[in-house]
Amino acid sequence: MSTTPEFREHRYVLNMGPQHPSTHGVLRVILEMEGEYVMDPQPVLGYGHRMHEKMAESRSWPGFLPNAARMDYLASLIYNHGYVGVVERLAGIEATPRAEYIRVITSELNRLQSHLLWLGVLVLDLGAFTPIMYTFEDREKILDILEDVTGSRLTYCYMRVGGVVRDIDDKFIERTREYIKWQRSRMPMYDKLVTGNIIFRKRVEGIGEFTPDLARRYGLTGPVLRGTGVAYDIRRAEPYSVYPDFDFEIPTETGGDCLAAYLVRVREIEQSLRILEQALDRLPEGPFLAKVPKKIKLPAGDATYAVESPRGELVYHLTADGSEVPYRMKIRVPSFSNLSILPEVCRGMLLSDLCACMGSLDLVIPEIDR
Amino acid sequence: MIVYRYLAECIFFGFIALIFFGGLLTVRARLLMHAVLGLAVAFIGVAGLFFHLGSPFMAMMQVLIYVGAVCVMLVFGVMVGQAPTRTGQPRLTGHNRQLAAGSCGLGFVLLTATLVRTRWAAAAERVGDFSMQHLGESFLHRFVLAFELISVILLIAILGAIIIARSPEEKTPS
Amino acid sequence: MESRDSVIAALQSLPAQVREVDFRQRGYHLEVWLEPERLRPFAELLRGGDFYLSFVSGLHVKPALEVSYQFANHAFACRILARVIVDAEHSLPTISDIFQGADWHERETKDFFGVVFRGHPNLKPLLLAEDMEDLKPLLKKDERLKDRAAVTRAEADVAEKTPAPAGGEEGA
Amino acid sequence: MTDSFLPPELLRILFAAICAIVVVFGNALVMGYLERKFAGRFQRRPGPMEVGWQGLLQLAVDGVKLVGKQLVIPRQADKVLYRIAPIVSFAPAVLPLLVIPFSPKLQGRDFDIGLIFILAVVAINVLAILIAGWGSNNKYSLLGAMRSVAQNVAYEIPMLLTLLSVILVTNTFSLKGIVAAQEGLWFILVMPVAFLIFFVATVAETNRAPFDLPEAESELTAGFMTEFSGMGFSLFFMAEYTYMFIACSLTVILFLGGWHGPPLPYAEYTSALWFFLKVYFLLIVMIWIRWTFPRVRFDQLLNFCWKYLVPFSLVHLLVTAVVLKI
């Protein structure tokens, strides 16, 4: 690769991916190795590239929603949220208050299941099989709840411009409350089984350390950034939807290593549960879908809508030209920037640590490839 | 006990055959890896001979040390040194071939001379295996100084190897 | 830089054309128009001000390609959208040595629009296949569309005086 | 001089060999089942349930499937080495069973130096892993094989040193003799530290989690086993379980009093029950560890061995020697 001036003889190239257990999808990392040390990891992207941005230019405004759901299969509702948000912002449409609450509730459930999956997968990358089964058990409860209201389990297409497609009922609220109680009762177990495990801690402590400044240079966002001590969360920094109504913390750690990112995410689970509780308590009555014209034409101009996905800052930047289709849609995905730090941070690392590092970045490859 | 006798003979020649097979594999192999594995086969044959000659302890040590340690180390060295390129070694050419033939011939002559000139004492008929006890006594009483000296030399060799292996650059950027 | 006002002051002295826009309507706070040669000083200024690069994107408009850079700040709410028109050779200076994260974003923009970033260390296709270098999928092949885009840009300039019209219109 | 064509001693050995092979296959079946069932229970799921009562026949069905599978040989692989590697790994696994005393009478052959015999034979497995890793012509396999060697060589040292402590006490290499020496008092009570070190070392020697680096599936896909399928894979699989069985048997013989236990009728044969109970208890502990802990890193693995296990076992050996002298 171009970053290494000369290819040294005792180095060899290890091709990790596109099919590899630790790359979580079709990511390929070309590793230049010296023994077990990774001297130069170079990610190769695009194996799952579908050109969503081009597809957006040939679809009507609501027609792009299913595409939005298919970029990050673990945070479809948050992608939904961002998309309807940017269309509403440009069109000047206001969603009803109840719809905004429902959006927050479903988004937070979505965030929880993403974090739970990540928790299991990170530990799986480190060689422990059992925790992923536990997190899947928790996650299954969320998926069941969301399936009842949205109709699908993974690639939700639930939100609409002006609101959501179906109202939530008392049963949903009751089940979500039950789930919150259940999840709280499970967290001490994870603390003991994973966080307190000496091997786990030795595997993630001090691995992949970076500073807030390095994170800034690479545009890192999300829990990875918060692991360096920067309390930056779009839900607080540029509040959207009804997030200003809720009382929640932005967990931060100062280590900047894999352990810090891990701790931040685990603590975010609790914060999401808090948001959920408050949203369920204050859920306003009213229509769940605002009156919106059937065929939406957006005025010429552009708008940005940033939301906090489980992996960081997700930005939709939309340019409209007054017609029924977007003129240009730029989607800024968090994992894209988060992964770009890999060659810098993982140089000179052991292969096992690279797996830990990629696990703690919480990559979703279809999101990177779009 | 005629069956025993025949079985013993068969096993003896079987081991001899194994040694020859392993030896041939070692010298004929074009890949270093195959050569080392041939050596392992020959070692197992030698261990069989020890066993056959009534010294199971020596046989076990032969397997444990020569197959389990020396061969593994050699294979390890081959893997590290030769990396994954597996083009075979070229056959020996003119000059080298003469050198090889000469040194082999010399070795053969020397060995034969030694064999012929040694006055072999007839091995005492043994009941049971006391080779281990005997070995232990010789190592720790009669030859204790030589034994300890060898271990010191080995220690120095290991230290030297470590120093040579580590010297070029510190690999882990801390 | 501790507040949006100080950012505006610094940008104006660059000099760059800065405009404060309504966050509720546009989703960002400052819109900046830059000359290509001011791009690198601009990036260095933001780098010193502890901004981070959110994304780099292209837009095919009538006069020439426009590349937009979005920056935001961890410390205070200030999202900047900077627009730069590429020069005659479809190229711009790279900022990937100032913001390392721009590396991949620039490669992506090269993939989709064919914008050449001068000084970029490794401008190979990132998301597209190696042999798709000439595809440039996001360029508008349709002249009619480009015309409309040109109108769009003109309107955005006008919008400085009048706020953008709100609301959709009833479809057939 | 007997007139029979085959001497009874030879018949005995043949019979023992057949029994050993039965034990190997039986152990692989039982272990496969236990591993899956326990893993299932640890993960709050039932484990195999479909084939047979409580999924008892699942392993048999899997075996048939593996045997029936096509043997895929990678084009660039070293064909001969690739083929013989599983055999080299599996064949020596049967031999140690010939000298393990399951009960006072159930033993293939009591061997003066049974302990060394087992260690010597088991050492060949490392060679098999190396052949497999090199023959597959896959960098992941090669890395796995190299890890395996470093790990095995390192952990053999504390294992042998703790073993020496036991030998100092019993003064014999005969497995039967070692068990007999524990008639009244199991060595685990005399030398608990040695037991711990030995057990940890055996877990590492058998490449089990958390020391399963040679086949670390999240880093090296499957290490030296990456390219193996069908019978090749199942031979490795059976060899691994057999080595686990042997390792646990050794632990039981050295520290847990072998066949000793509450008296049973026909104790000379039936006390094998105690032996198997103890062995499977240890094996279940191994399964338990595997499904609980993450994998250690390579440098941590070696550091643990060289910085903790080796010094501790050396000190232990010294203390044992001094105590015995006094």
# chains A, B, ... in the order shown; residues from 1 in each chain; ligands from 1
call {"tool": "residues_around", "arguments": {"residues": "A:Ala290", "least_positions_apart": "3", "cutoff": "8 Å", "atoms": "only C-alpha atoms", "output": "PDB file with N, CA and C atoms, in the first residue's frame"}}
result
ATOM      1  N   GLU A  94     -44.349  19.727  10.474  1.00  0.00           N
ATOM      2  CA  GLU A  94     -44.126  19.393  11.873  1.00  0.00           C
ATOM      3  C   GLU A  94     -44.809  18.070  12.157  1.00  0.00           C
ATOM      4  N   ALA A  95     -44.085  17.126  12.731  1.00  0.00           N
ATOM      5  CA  ALA A  95     -44.724  15.883  13.157  1.00  0.00           C
ATOM      6  C   ALA A  95     -45.520  16.165  14.419  1.00  0.00           C
ATOM      7  N   THR A  96     -46.544  15.344  14.652  1.00  0.00           N
ATOM      8  CA  THR A  96     -47.357  15.561  15.859  1.00  0.00           C
ATOM      9  C   THR A  96     -46.539  15.197  17.087  1.00  0.00           C
ATOM     10  N   GLY A 162     -44.180  13.286   8.826  1.00  0.00           N
ATOM     11  CA  GLY A 162     -45.293  13.787   9.606  1.00  0.00           C
ATOM     12  C   GLY A 162     -45.668  12.893  10.766  1.00  0.00           C
ATOM     13  N   GLY A 163     -45.071  11.735  10.883  1.00  0.00           N
ATOM     14  CA  GLY A 163     -45.430  10.896  12.018  1.00  0.00           C
ATOM     15  C   GLY A 163     -44.927   9.489  11.843  1.00  0.00           C
ATOM     16  N   PRO A 287     -53.074  12.608  17.581  1.00  0.00           N
ATOM     17  CA  PRO A 287     -52.853  11.842  16.350  1.00  0.00           C
ATOM     18  C   PRO A 287     -51.387  11.430  16.237  1.00  0.00           C
TER      19      PRO A 287
END
call {"tool": "residues_around", "arguments": {"residues": "B:Phe43", "least_positions_apart": "2", "cutoff": "10 Å", "atoms": "only C-alpha atoms", "output": "list in words"}}
result
Leu18, Ile19, Gly22, Gly23, Leu37, Gly38, Leu39, Ala40, Val41, Gly45, Val46, Ala47, Gly48, Leu49, Ala59, Gln62, Val63, Ile65, Tyr66, Val67 and Cys71 of chain B
call {"tool": "atom_distance", "arguments": {"atom1": "atom CA of A:Pro18", "atom2": "atom CA of A:Tyr47"}}
result
7.6 Å
call {"tool": "closest_residue", "arguments": {"among": "A:Asn110, A:Thr304, A:Thr155, A:Ser323", "to": "C:Gly27", "atoms": "only C-alpha atoms"}}
result
A:Thr304
call {"tool": "closest_atom_pairs", "arguments": {"of": "chain A", "to": "chain C", "cutoff": "7 Å", "atoms": "only C-alpha atoms", "output": "JSON lines"}}
result
{"residue": "A:Ser2", "atom": "CA", "partner": "C:Asn122", "partner_atom": "CA", "distance": 6.7}
{"residue": "A:Leu45", "atom": "CA", "partner": "C:Leu127", "partner_atom": "CA", "distance": 5.5}
{"residue": "A:Gly46", "atom": "CA", "partner": "C:Leu127", "partner_atom": "CA", "distance": 4.1}
{"residue": "A:His49", "atom": "CA", "partner": "C:Leu127", "partner_atom": "CA", "distance": 6.4}
{"residue": "A:Lys54", "atom": "CA", "partner": "C:Leu138", "partner_atom": "CA", "distance": 6.2}
{"residue": "A:Arg89", "atom": "CA", "partner": "C:Gln25", "partner_atom": "CA", "distance": 5.7}
{"residue": "A:Leu90", "atom": "CA", "partner": "C:Gln25", "partner_atom": "CA", "distance": 6.5}
{"residue": "A:Ala91", "atom": "CA", "partner": "C:Gly167", "partner_atom": "CA", "distance": 4.8}
{"residue": "A:Gly92", "atom": "CA", "partner": "C:Gly167", "partner_atom": "CA", "distance": 4.8}
{"residue": "A:Ile93", "atom": "CA", "partner": "C:Gly167", "partner_atom": "CA", "distance": 6.1}
{"residue": "A:Arg216", "atom": "CA", "partner": "C:Tyr52", "partner_atom": "CA", "distance": 4.9}
{"residue": "A:Arg217", "atom": "CA", "partner": "C:Phe99", "partner_atom": "CA", "distance": 4.8}
{"residue": "A:Tyr218", "atom": "CA", "partner": "C:Gly101", "partner_atom": "CA", "distance": 3.7}
{"residue": "A:Gly219", "atom": "CA", "partner": "C:Tyr52", "partner_atom": "CA", "distance": 5.3}
{"residue": "A:Tyr232", "atom": "CA", "partner": "C:His74", "partner_atom": "CA", "distance": 5.7}
{"residue": "A:Ala237", "atom": "CA", "partner": "C:Ala77", "partner_atom": "CA", "distance": 5.9}
{"residue": "A:Glu238", "atom": "CA", "partner": "C:Ala77", "partner_atom": "CA", "distance": 6.3}
{"residue": "A:Pro293", "atom": "CA", "partner": "C:Glu170", "partner_atom": "CA", "distance": 5.4}
{"residue": "A:Lys294", "atom": "CA", "partner": "C:Gly171", "partner_atom": "CA", "distance": 6.3}
{"residue": "A:Lys295", "atom": "CA", "partner": "C:Gly171", "partner_atom": "CA", "distance": 4.7}
{"residue": "A:Ile296", "atom": "CA", "partner": "C:Gly168", "partner_atom": "CA", "distance": 5.6}
{"residue": "A:Lys297", "atom": "CA", "partner": "C:Gly168", "partner_atom": "CA", "distance": 5.2}
{"residue": "A:Leu298", "atom": "CA", "partner": "C:Gly168", "partner_atom": "CA", "distance": 5.7}
{"residue": "A:Pro299", "atom": "CA", "partner": "C:Pro165", "partner_atom": "CA", "distance": 6.8}
{"residue": "A:Ala300", "atom": "CA", "partner": "C:Thr152", "partner_atom": "CA", "distance": 5.8}
{"residue": "A:Gly301", "atom": "CA", "partner": "C:Ala156", "partner_atom": "CA", "distance": 6.3}
{"residue": "A:Asp302", "atom": "CA", "partner": "C:Arg26", "partner_atom": "CA", "distance": 6.7}
{"residue": "A:Ala303", "atom": "CA", "partner": "C:Arg26", "partner_atom": "CA", "distance": 4.3}
{"residue": "A:Thr304", "atom": "CA", "partner": "C:Gly27", "partner_atom": "CA", "distance": 4.5}
{"residue": "A:Tyr305", "atom": "CA", "partner": "C:Gly27", "partner_atom": "CA", "distance": 5.4}
{"residue": "A:Asp321", "atom": "CA", "partner": "C:Thr152", "partner_atom": "CA", "distance": 5.7}
{"residue": "A:Arg328", "atom": "CA", "partner": "C:Leu59", "partner_atom": "CA", "distance": 6.9}
{"residue": "A:Lys330", "atom": "CA", "partner": "C:Ser57", "partner_atom": "CA", "distance": 6.7}
{"residue": "A:Arg332", "atom": "CA", "partner": "C:Phe55", "partner_atom": "CA", "distance": 6.1}
{"residue": "A:Ser337", "atom": "CA", "partner": "C:Gly101", "partner_atom": "CA", "distance": 6.3}
{"residue": "A:Ser340", "atom": "CA", "partner": "C:Gly101", "partner_atom": "CA", "distance": 6.6}
{"residue": "A:Asp369", "atom": "CA", "partner": "C:Leu127", "partner_atom": "CA", "distance": 6.4}
call {"tool": "atom_distance", "arguments": {"atom1": "atom CA of B:Ala161", "atom2": "atom CA of D:Ser313"}}
result
24.7 Å
call {"tool": "closest_residue", "arguments": {"among": "D:Ile178, D:Leu168, D:Tyr155, D:Asn138", "to": "D:Asp110", "atoms": "only C-alpha atoms"}}
result
D:Ile178
call {"tool": "residues_around", "arguments": {"residues": "C:Val67", "least_positions_apart": "6", "cutoff": "12 Å", "atoms": "only C-alpha atoms", "output": "number ranges by chain"}}
result
A: 330; C: 32-36, 39, 55-61, 81-87, 90-94, 105-106, 108-110, 112-117
call {"tool": "closest_residue", "arguments": {"among": "A:Val123, A:Val44, A:Ile207, A:Leu318", "to": "chain D", "atoms": "only C-alpha atoms"}}
result
A:Val123
call {"tool": "closest_atom_pairs", "arguments": {"of": "chain B", "to": "chain D", "cutoff": "6 Å", "atoms": "only C-alpha atoms", "output": "CSV"}}
result
residue,atom,partner,partner_atom,distance
B:Met1,CA,D:Met1,CA,5.8
B:Met60,CA,D:Ala120,CA,5.8
B:Val63,CA,D:Ala120,CA,5.6
B:Leu64,CA,D:Ala120,CA,4.3
B:Gly68,CA,D:Ala123,CA,4.8
B:Val72,CA,D:Leu127,CA,5.9
call {"tool": "write_last_selection", "arguments": {"atoms": "C-alpha atoms", "output": "PDB file, in the first residue's frame"}}
result
ATOM      1  CA  MET B   1       7.250 -69.188  21.759  1.00  0.00           C
ATOM      2  CA  MET B  60      10.668 -43.002  25.027  1.00  0.00           C
ATOM      3  CA  VAL B  63      10.457 -40.000  20.838  1.00  0.00           C
ATOM      4  CA  LEU B  64      10.034 -37.324  23.476  1.00  0.00           C
ATOM      5  CA  GLY B  68       8.658 -34.223  20.068  1.00  0.00           C
ATOM      6  CA  VAL B  72       9.271 -29.824  16.037  1.00  0.00           C
TER       7      VAL B  72
END
call {"tool": "select_by_dssp", "arguments": {"residues": "stretch 9-109 of chain C", "states": "alpha helix (DSSP H)", "output": "list in words"}}
result
Ala9, Ala10, Leu11, Gln12, Phe23, Arg24, Gln25, Arg26, Leu39, Arg40, Pro41, Phe42, Ala43, Glu44, Leu45, Leu46, Arg47, Gly48, Ala102, Asp103, Trp104, His105, Glu106, Arg107, Glu108 and Thr109 of chain C
call {"tool": "interface_residues", "arguments": {"of": "chain A", "to": "chain D", "cutoff": "8 Å", "atoms": "only C-alpha atoms", "output": "list in words"}}
result
Leu14, His20, Pro21, Ser22, Glu36, Val123, Leu124, Asp125, Leu126, Gly127, Ala128, Phe129, Thr130, Pro131, Met133, Tyr134, Leu193, Asn197, Ile199, Phe200, Arg203, Leu351, Ser352, Asp353 and Cys355 of chain A
call {"tool": "atom_distance", "arguments": {"atom1": "atom CA of D:Leu160", "atom2": "atom CA of D:Ala194"}}
result
10.6 Å
call {"tool": "residues_around", "arguments": {"residues": "stretch 167-169 of chain A", "least_positions_apart": "5", "cutoff": "8 Å", "atoms": "only C-alpha atoms", "output": "ChimeraX atom specification"}}
result
/A:102,149,288
call {"tool": "interface_residues", "arguments": {"of": "chain A", "to": "chain B", "cutoff": "12 Å", "atoms": "only C-alpha atoms", "output": "PyMOL selection string"}}
result
chain A and resi 9-14+33-39+206-209+345-350
